[in-house]
Each structure stands twice: as structure tokens, then as C-alpha cells.
Amino acid sequence: IQQLEIEKASAGAASLLVHVGEYSPVIAALTNGNPIIQRNAITALGDFNYNAADGTSIKSAVPPLIHLLKTGDLYTRCRVAWTLGHVHQEDEATVAALIAAMDDENWQAGVAALSSLGEFKSQEAVIVPAVFKTLSDTNATIRAQATRTLGELSPCRDKELAKAVVAALMKSLADTDNNVREGAAWALGDNGEAAKDAFPVLLKLTNSDDKEFRN
């Protein structure tokens, strides 16, 4: 019971420090030998709001987080992938690490990395081609997340890339898995007018017998 209280206190302290902008002790905890303290630090850093705060002081969290993305256990790798998307600093290095993590030996960690890539629209030229490759993965969960990530990145600022995204998503509408088809449909919606060629196909699917898709 005492150990549980210590762990709860660690989590609360780390979260409070991040909320008040005191990142250094939380970043230092990423290399702590106690896995619970380390995980609490990872989770707390994920509360950082890069849209509302200056990220200069939290940039130093990126190298140890990337290290844990490569060396941590499954839970840690998944959690770190999520946190990197929220810290949203050192975009080039972070995106390169997340793209590499898509090939993780465990598909869950790969999906976590794939999901976080949707946070980095400024790196669309690097991310989109990498995500395209996962649209043909044998794992339907990975394919479905790929469509969602493309939706998060849409509409791409580069017009040619935007066209390629729409074409890839239209192809995914014919996927054998309902979650992939649904993800592709939502992602096409995020493309707005650029996806006008997909409207007839979407209308047909809406009126089809695929009840799961229509719901």
C-alpha cells in the first residue's frame, strides 16, 4: 500500500510540474531506474499543450523519449509514441523516429507511432509516403490507422500530395475491412473539395447494404 501511495504521489507531482511549466525534473525522471517513475514522467509530458505553450524548455525531452521509443518495453514504446505527438518539438528528429517505429516488432507499438504522426502536418512530405506503404499491410488495424492518420494530415498543403492522398483513400474504400473503409471515408471528408471525385463512391456506400459502414 505504501508503494502504491508513492507511485500515485510521483504521478501527481510529475503532472503538476508539467502544468506549471517546470519540465526539468520531469525530463530527468525519464532516465530514472524506477520504471513507475519513468512511466509517470512520460505520461505527464504528454499533457504538454504545444498549441498553448512555448516549447523551448521542453525540447530536451525529445532525445530521451526517442531513446525509450527504441528501447522501452511495449507499454513504454506505445506511451512514448503518444507523448511525442503531444510534446511536438524537434519535428524532423521526432518524425524520423516515429516512422522507424512504425516497423516495430509489435503491431500495437507500430500503430501508436502511426497515430502520432498525424500531429505533424509540417512534415507531410516525409510522412505521407511512409503512411502510404502501410495501407497495404496485412493487419487491418494498421491499415485503418493509416487512413485516420492521412485524414489528420489532410488537406495537404502540397496540391500534388493532396491528390495522391485522395487517390489512395479512394482505393481504401474498397478494402475488405469495414474499419478501413470507414476510416477512408472520414479521411476523404477531411479533404473537402479536393475529394469531390470520391463523392459518387461515398454516396454509393452510404446507400449500400453495408450496415456497419452506414452507422
# chains A, B, ... in the order shown; residues from 1 in each chain; ligands from 1
>>> residues_around(residues="region 83-94 of chain A", least_positions_apart="6", cutoff="10 Å", atoms="only C-alpha atoms", output="mmCIF file with N, CA, C and O atoms, in the first residue's frame")
data_model
loop_
_atom_site.group_PDB
_atom_site.id
_atom_site.type_symbol
_atom_site.label_atom_id
_atom_site.label_comp_id
_atom_site.auth_asym_id
_atom_site.auth_seq_id
_atom_site.Cartn_x
_atom_site.Cartn_y
_atom_site.Cartn_z
ATOM 1 N N ILE A 42 6.706 10.086 -18.474
ATOM 2 C CA ILE A 42 6.291 10.007 -19.882
ATOM 3 C C ILE A 42 4.852 10.482 -20.034
ATOM 4 O O ILE A 42 4.532 11.285 -20.913
ATOM 5 N N THR A 43 3.991 9.985 -19.161
ATOM 6 C CA THR A 43 2.572 10.345 -19.218
ATOM 7 C C THR A 43 2.367 11.833 -18.941
ATOM 8 O O THR A 43 1.583 12.505 -19.630
ATOM 9 N N ALA A 44 3.064 12.351 -17.945
ATOM 10 C CA ALA A 44 2.924 13.767 -17.593
ATOM 11 C C ALA A 44 3.358 14.664 -18.741
ATOM 12 O O ALA A 44 2.695 15.664 -19.044
ATOM 13 N N LEU A 45 4.445 14.326 -19.400
ATOM 14 C CA LEU A 45 4.918 15.136 -20.525
ATOM 15 C C LEU A 45 3.915 15.133 -21.670
ATOM 16 O O LEU A 45 3.850 16.074 -22.458
ATOM 17 N N GLY A 46 3.117 14.080 -21.740
ATOM 18 C CA GLY A 46 2.087 14.006 -22.768
ATOM 19 C C GLY A 46 0.968 15.009 -22.556
ATOM 20 O O GLY A 46 0.164 15.249 -23.458
ATOM 21 N N ASP A 47 0.915 15.617 -21.358
ATOM 22 C CA ASP A 47 -0.096 16.632 -21.078
ATOM 23 C C ASP A 47 0.312 17.999 -21.611
ATOM 24 O O ASP A 47 -0.468 18.956 -21.533
ATOM 25 N N PHE A 48 1.531 18.096 -22.127
ATOM 26 C CA PHE A 48 2.013 19.378 -22.652
ATOM 27 C C PHE A 48 1.167 19.779 -23.856
ATOM 28 O O PHE A 48 0.903 18.980 -24.749
ATOM 29 N N ASN A 49 0.743 21.033 -23.877
ATOM 30 C CA ASN A 49 -0.069 21.557 -24.974
ATOM 31 C C ASN A 49 0.799 22.450 -25.847
ATOM 32 O O ASN A 49 1.030 23.612 -25.518
ATOM 33 N N TYR A 50 1.272 21.903 -26.958
ATOM 34 C CA TYR A 50 2.191 22.669 -27.795
ATOM 35 C C TYR A 50 1.513 23.842 -28.498
ATOM 36 O O TYR A 50 2.171 24.753 -28.987
ATOM 37 N N ASN A 51 0.188 23.838 -28.525
ATOM 38 C CA ASN A 51 -0.529 24.959 -29.136
ATOM 39 C C ASN A 51 -0.655 26.159 -28.198
ATOM 40 O O ASN A 51 -0.923 27.275 -28.634
ATOM 41 N N GLY A 55 7.491 25.821 -26.360
ATOM 42 C CA GLY A 55 8.115 24.518 -26.220
ATOM 43 C C GLY A 55 9.618 24.526 -26.040
ATOM 44 O O GLY A 55 10.245 23.467 -25.945
ATOM 45 N N THR A 56 10.213 25.706 -25.958
ATOM 46 C CA THR A 56 11.674 25.785 -25.862
ATOM 47 C C THR A 56 12.230 24.971 -24.700
ATOM 48 O O THR A 56 13.215 24.247 -24.843
ATOM 49 N N ILE A 58 10.987 22.437 -23.180
ATOM 50 C CA ILE A 58 10.670 21.010 -23.145
ATOM 51 C C ILE A 58 11.369 20.237 -24.269
ATOM 52 O O ILE A 58 11.291 19.018 -24.342
ATOM 53 N N LYS A 59 12.080 20.957 -25.140
ATOM 54 C CA LYS A 59 12.760 20.311 -26.261
ATOM 55 C C LYS A 59 13.732 19.225 -25.811
ATOM 56 O O LYS A 59 13.916 18.222 -26.493
ATOM 57 N N SER A 60 14.351 19.438 -24.668
ATOM 58 C CA SER A 60 15.353 18.475 -24.197
ATOM 59 C C SER A 60 14.736 17.131 -23.818
ATOM 60 O O SER A 60 15.456 16.162 -23.554
ATOM 61 N N ALA A 61 13.400 17.058 -23.807
ATOM 62 C CA ALA A 61 12.744 15.776 -23.518
ATOM 63 C C ALA A 61 12.780 14.849 -24.728
ATOM 64 O O ALA A 61 12.652 13.626 -24.581
ATOM 65 N N VAL A 62 12.950 15.417 -25.904
ATOM 66 C CA VAL A 62 12.848 14.620 -27.124
ATOM 67 C C VAL A 62 13.912 13.521 -27.228
ATOM 68 O O VAL A 62 13.569 12.356 -27.500
ATOM 69 N N PRO A 63 15.206 13.803 -27.037
ATOM 70 C CA PRO A 63 16.203 12.719 -27.150
ATOM 71 C C PRO A 63 15.956 11.532 -26.220
ATOM 72 O O PRO A 63 15.984 10.379 -26.683
ATOM 73 N N LEU A 65 13.144 10.620 -24.895
ATOM 74 C CA LEU A 65 11.900 9.976 -25.323
ATOM 75 C C LEU A 65 12.140 9.095 -26.541
ATOM 76 O O LEU A 65 11.631 7.963 -26.622
ATOM 77 N N ILE A 66 12.918 9.590 -27.493
ATOM 78 C CA ILE A 66 13.228 8.796 -28.681
ATOM 79 C C ILE A 66 14.018 7.550 -28.299
ATOM 80 O O ILE A 66 13.791 6.463 -28.844
ATOM 81 N N LEU A 69 11.610 5.139 -27.014
ATOM 82 C CA LEU A 69 10.794 4.622 -28.113
ATOM 83 C C LEU A 69 11.478 3.420 -28.764
ATOM 84 O O LEU A 69 10.818 2.511 -29.270
ATOM 85 N N ARG A 77 6.915 1.949 -25.111
ATOM 86 C CA ARG A 77 7.021 2.386 -26.507
ATOM 87 C C ARG A 77 5.717 3.003 -26.994
ATOM 88 O O ARG A 77 5.714 4.034 -27.670
ATOM 89 N N ALA A 100 10.307 5.216 -38.167
ATOM 90 C CA ALA A 100 11.062 3.976 -37.910
ATOM 91 C C ALA A 100 10.279 3.064 -36.976
ATOM 92 O O ALA A 100 10.274 1.835 -37.141
ATOM 93 N N ALA A 112 0.659 2.901 -32.624
ATOM 94 C CA ALA A 112 0.802 4.089 -31.776
ATOM 95 C C ALA A 112 1.672 5.138 -32.465
ATOM 96 O O ALA A 112 1.362 6.335 -32.451
ATOM 97 N N ALA A 113 2.760 4.685 -33.082
ATOM 98 C CA ALA A 113 3.636 5.609 -33.805
ATOM 99 C C ALA A 113 2.920 6.193 -35.013
ATOM 100 O O ALA A 113 2.995 7.399 -35.279
ATOM 101 N N SER A 115 -0.240 6.644 -35.400
ATOM 102 C CA SER A 115 -1.249 7.578 -34.926
ATOM 103 C C SER A 115 -0.633 8.950 -34.612
ATOM 104 O O SER A 115 -1.173 9.996 -34.998
ATOM 105 N N SER A 116 0.500 8.956 -33.935
ATOM 106 C CA SER A 116 1.130 10.217 -33.544
ATOM 107 C C SER A 116 1.642 11.015 -34.732
ATOM 108 O O SER A 116 1.739 12.242 -34.660
ATOM 109 N N LEU A 117 1.950 10.351 -35.809
ATOM 110 C CA LEU A 117 2.435 11.066 -36.991
ATOM 111 C C LEU A 117 1.403 12.052 -37.535
ATOM 112 O O LEU A 117 1.746 13.027 -38.197
ATOM 113 N N GLY A 118 0.148 11.817 -37.243
ATOM 114 C CA GLY A 118 -0.895 12.723 -37.696
ATOM 115 C C GLY A 118 -0.807 14.105 -37.062
ATOM 116 O O GLY A 118 -1.472 15.043 -37.517
ATOM 117 N N GLU A 119 0.007 14.252 -36.016
ATOM 118 C CA GLU A 119 0.165 15.536 -35.342
ATOM 119 C C GLU A 119 1.153 16.460 -36.048
ATOM 120 O O GLU A 119 1.269 17.633 -35.691
ATOM 121 N N PHE A 120 1.883 15.941 -37.038
ATOM 122 C CA PHE A 120 2.997 16.697 -37.608
ATOM 123 C C PHE A 120 2.738 17.096 -39.061
ATOM 124 O O PHE A 120 3.422 16.648 -39.986
ATOM 125 N N LYS A 121 1.769 17.969 -39.258
ATOM 126 C CA LYS A 121 1.392 18.387 -40.609
ATOM 127 C C LYS A 121 2.545 19.065 -41.350
ATOM 128 O O LYS A 121 2.614 18.997 -42.582
ATOM 129 N N SER A 122 3.433 19.714 -40.630
ATOM 130 C CA SER A 122 4.536 20.415 -41.295
ATOM 131 C C SER A 122 5.492 19.444 -41.985
ATOM 132 O O SER A 122 6.272 19.845 -42.841
ATOM 133 N N GLN A 123 5.417 18.178 -41.614
ATOM 134 C CA GLN A 123 6.306 17.167 -42.179
ATOM 135 C C GLN A 123 5.567 16.248 -43.163
ATOM 136 O O GLN A 123 5.953 15.106 -43.383
ATOM 137 N N VAL A 126 7.323 14.047 -45.854
ATOM 138 C CA VAL A 126 8.045 12.855 -45.389
ATOM 139 C C VAL A 126 7.074 11.785 -44.886
ATOM 140 O O VAL A 126 7.255 10.589 -45.137
#
>>> select_by_dssp(residues="region 6-214 of chain A", states="helix (DSSP H, G or I)", output="PyMOL selection string")
chain A and resi 6-19+24-31+35-45+56-71+74-87+91-101+107-119+121-134+140-153+159-172+178-190+192-206+211-214
>>> residues_around(residues="region 29-41 of chain A", least_positions_apart="3", cutoff="7 Å", atoms="only C-alpha atoms", output="list in words")
Glu7, Ser10, Ala11, Ala14, Pro25, Val26, Ala44, Leu45, Pro64 and Thr76 of chain A
>>> residues_around(residues="Trp107 (chain A)", least_positions_apart="3", cutoff="9 Å", atoms="only C-alpha atoms", output="ChimeraX atom specification")
/A:102-104,110-112,139,141-142
>>> closest_residue(among="A:Ala174, A:Ala125, A:Ile99, A:Val180", to="Asp158 (chain A)", atoms="only C-alpha atoms")
A:Ala125
